[in-house]
Each structure stands twice: as structure tokens, then as C-alpha cells.
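Trainee: Can you keep this structure in mind? I'll have questions shortly.
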Amino acid sequence: MATAFCPAHITGFFKAELDKEDSKQLGSLGAGFSIQKGVKTTVSVREKTKHDISNFSIKVNGFESGDMRVSELVLSKFPIDKKFIDVTHEIDVPVGYGFGCSAAVALSLSIALNDALGCKLSKIQVAQIAHDVEIDCKTGLGDVLASYHGGFEIRVKPGAPGIGEVKKMNSMDKHDVIIICFNPISTKKFLKEKISSINGLGGKMVKKLIESNDTEEFQDMSVKFAKYVNVITPKMNQVINLLHKNGIKCGVALFGETIFSLVTKDEKNKVKEILKQFDDGLIITSKIDNSGARLQ
């Protein structure tokens, strides 16, 4: 039996890198941060019996995922022929709202399976399996690389862990992340329709942020990026304008109808009070996770 945790990851802006043959080379440049909420996956292994119809069962606690393809594909990459695998995902962020849930599911499952089955793959090899599954299912591009490393990162080279590279930004230990979510947005649909308009601006922003290393500028860029690719709904616009009017920086989680704000302790209650006005929104508070995906 083994348990692994992978932090949820929020991307503020990105540039897709899709022109390589090998999926391990594919991914995105961009910037974002991991939070202390995410997906905890527990795997238990026993011998398969004649009563078992398949090789595994998957259960989800917390926020519903609905789509088990990511988990099933990860399971197919491991030697489970004569075994029965019980998988439990505990998901404590909503799925489809820009939290990189599919990456957290894939990576936490991959780490736990490797340990429970005694496969002895390196952490990078295990993470590469999760990255390949994300690319294959078209559920994300850079979240596995980002949540593997944790912290506040700029993805400076695309690809799976071991190939892609991140530059860590200033430590945000003194900040809380306050997030308000309204509705999900399909990453798959979005990537298909908008990819060309995304890339020019995303690439420029990565270069600019590497130079400035400024978290406030990161939030401004994120709003600018979301406006440019036309994902901001009237409700999101209301939230952004109200926060800005009160001198609070914020950004947009890609892809979801989700606004985040990186706040100091002094600003925390003020921001919560502002967001409470939107009673149809789900408010989540967390801190930055600096450790990345890991066994528990």
C-alpha cells in the first residue's frame, strides 16, 4: 500500500510547445504556482482472483472527477497483470476550474503505484509517465512539470520532468492564495480552438517575467493574458474590477472561470469580505506548496 500527494497548480499564462514528435518534449512555457490543496491518492495491491472482472477499481472522494481516463491510462503503464489494484483519489479542489487536477491525479497515482508495486522507477521516470498521459488525454501541457517541482515557478523549457526546466520565483511563504471559482472551462476544447492566439503573447510574457521576477507583475500579466485570449466572463470582470478598485492585485487561473489573488496576512480578510459578495462562487484559501509531488 502507498499514498502520494500532488499539489494543485494554477497557471497564470503560457505558451504551448507542440511541434515535437516525442510527447516528453511537448509541453508549455509559462508561469504559475502550486498550492497546498490538491490530490491525495492511495493505492493498495492484492493478488487478482477469478471473481475480479478487471484489474482495478477507482474511487473518488471529495470533488467529483467524472472522467477516469487519466487514471486508467496511468494504470495501463504499470505491470499489474496478476494483481488487483484499489485506487482512491481524494480531490480537494474542484475539477475543470484551472487547478491542474488531471495532472495531480496522474502524478499522485503514478508515484503511489511505483511504490506499492515495488517497480523501483526513479521519481523522474514516474513523473514522465504522468506527463505522457496528460499529453495523450489532452488534459494539460505543463502542469505535471510544475507540480512535480512545486513552489512559484516559471517554466523556461517545455517538456516532462527531466527534460523541461523551471526557474523558481521569489518565495511566497508569507502570502496566502485566495481563490474564487464560478464555472469549469474545458481545457481540451480551448487548446483546440485558441492555441495560435495564445502563443505570441505567452512567449513574450515568459521572457518579461524572467527579467522582472515580480509576483505583482505576474498577476497583472495573467489578467492581460486572459483578456487577450477572451476567457473573461462578465462575472469574472466584476470580481477583477472590484478587487482592483480596492487596490488588490489578482490573476486568472487557466482554464476555469476562476480568479486568484496572492495576498499578505493583512489583506486576507479584506479580500475575503470582497469575495463574499459573490454568493454563487466557491472561495478557497490555501498557501503555496513548495515541496511538489511526493510520497506521504
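Following the order of the C-alpha cells, first chain is A, next is B, and so on, with residues numbered from 1 inside each chain and ligands from 1 in the order they appear.
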Show me, as a tab-separated table, the residues of stretch 96-148 of chain A having an atom within 12 Å of stretch 80-84 of chain A, each with the closest atom pair and its distance in Å, using only C-alpha atoms.
Mentor:
residue	atom	partner	partner_atom	distance
A:Leu113	CA	A:Ile80	CA	9.7
A:Asn114	CA	A:Ile80	CA	11.0
A:Ala116	CA	A:Ile80	CA	11.0
A:Leu117	CA	A:Ile80	CA	8.2
A:Gly118	CA	A:Ile80	CA	11.4
A:Cys119	CA	A:Ile80	CA	10.7
Trainee: How would you write, as a ChimeraX atom specification, the set of residues in stretch 139-292 of chain A that DSSP gives as strand (DSSP E or B)?
Mentor: /A:152-157,161,164-168,176-184,251-252,256-263,282-288
Trainee: As a ChimeraX atom specification, which residues of stretch 46-258 of chain A does DSSP assign to helix (DSSP H, G or I)?
Mentor: /A:69-76,101-116,123-137,143-149,187-212,215-228,234-245
Trainee: Work out how far apart atom CA of A:Lys168 and atom CA of A:Ile288 are and give it in Å to one decimal.
Mentor: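 Here the two named atoms are 12.4 Å from each other.
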Trainee: Return the single residue from A:Lys174, A:Lys138, A:Lys15, A:Lys224 that is closest to A:Val263, with distances computed using only C-alpha atoms.
Mentor: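 Counting only C-alpha atoms, the residue closest to A:Val263 is A:Lys174.
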Trainee: Skipping near chain neighbours, those fewer than 6 positions away, what residues fall within 8 Å of A:Val177 using only C-alpha atoms, listed as a count of residues only?
Mentor: 9
Trainee: Neighbouring residues of A:Asp143 were defined as those with any atom within 6 Å, considering only C-alpha atoms; residues of the same chain fewer than 3 positions away were excluded. Please report them as a PyMOL selection string.
Mentor: chain A and resi 100+103+146-147
Trainee: For the residues in the current selection, export C-alpha atoms as a PDB file, in the first residue's frame.
Mentor:
ATOM      1  CA  GLY A 100      -4.389  21.193 -12.967  1.00  0.00           C
ATOM      2  CA  ALA A 103      -2.003  16.319 -13.703  1.00  0.00           C
ATOM      3  CA  ALA A 146       5.152  22.488 -12.467  1.00  0.00           C
ATOM      4  CA  SER A 147       3.516  20.440  -9.692  1.00  0.00           C
TER       5      SER A 147
END
Trainee: Restricting the calculation to only C-alpha atoms: of A:Ser291, A:Ser212, A:Ser186, A:Thr49, which residue gets closest to A:Gly256?
Mentor: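 Looking only at the distances to A:Gly256, the closest residue turns out to be A:Ser186.
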Trainee: Please identify all polymer residues within 10 Å of A:Asp136, counting only C-alpha atoms, omitting same-chain residues fewer than 6 positions from it, and present them as a list in words.
Mentor: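 Returned residues: Ser23, Val70, Leu73 and Ala130 of chain A.
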Trainee: Could you name the residues that touch A:Phe63 at 10 Å or less, counting only C-alpha atoms, but leaving out those on the same chain fewer than 2 positions away, as a ChimeraX atom specification?
Mentor: /A:39,60-61,65-66,89-95
Trainee: For A:Asn241, work out the shell of residues within 12 Å, counting only C-alpha atoms and skipping chain neighbours fewer than 2 positions away, then give it as a list in words.
Mentor: Val223, Ile232, Pro234, Lys235, Met236, Asn237, Gln238, Val239, Leu243, His244, Lys245, Asn246, Gly247, Ile248, Lys249, Cys250, Gly251, Ile259, Ile274 and Leu275 of chain A
Trainee: Looking at only C-alpha atoms, which of A:Leu242, A:Val105, A:Ile195, A:Val144 is the one that sits closest to A:Lys40?
Mentor: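 Closest residue, counting only C-alpha atoms: A:Val105.
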Trainee: I need the residue nearest A:Glu64 from this list: A:Pro7, A:Pro79, A:Gly150, A:Gly96. Use only C-alpha atoms for the distance.
Mentor: A:Gly96
Trainee: Have a look at A:Ile154, A:Leu141, A:Ala16, A:Leu75 and name the one nearest to A:Asn213; count only C-alpha atoms.
Mentor: A:Ile154
Trainee: So, with only C-alpha atoms as the atoms that count, which of A:Ala106, A:Ala127, A:Leu26, A:Ala31 lies closest to A:Leu254?
Mentor: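 Closest residue, counting only C-alpha atoms: A:Ala31.
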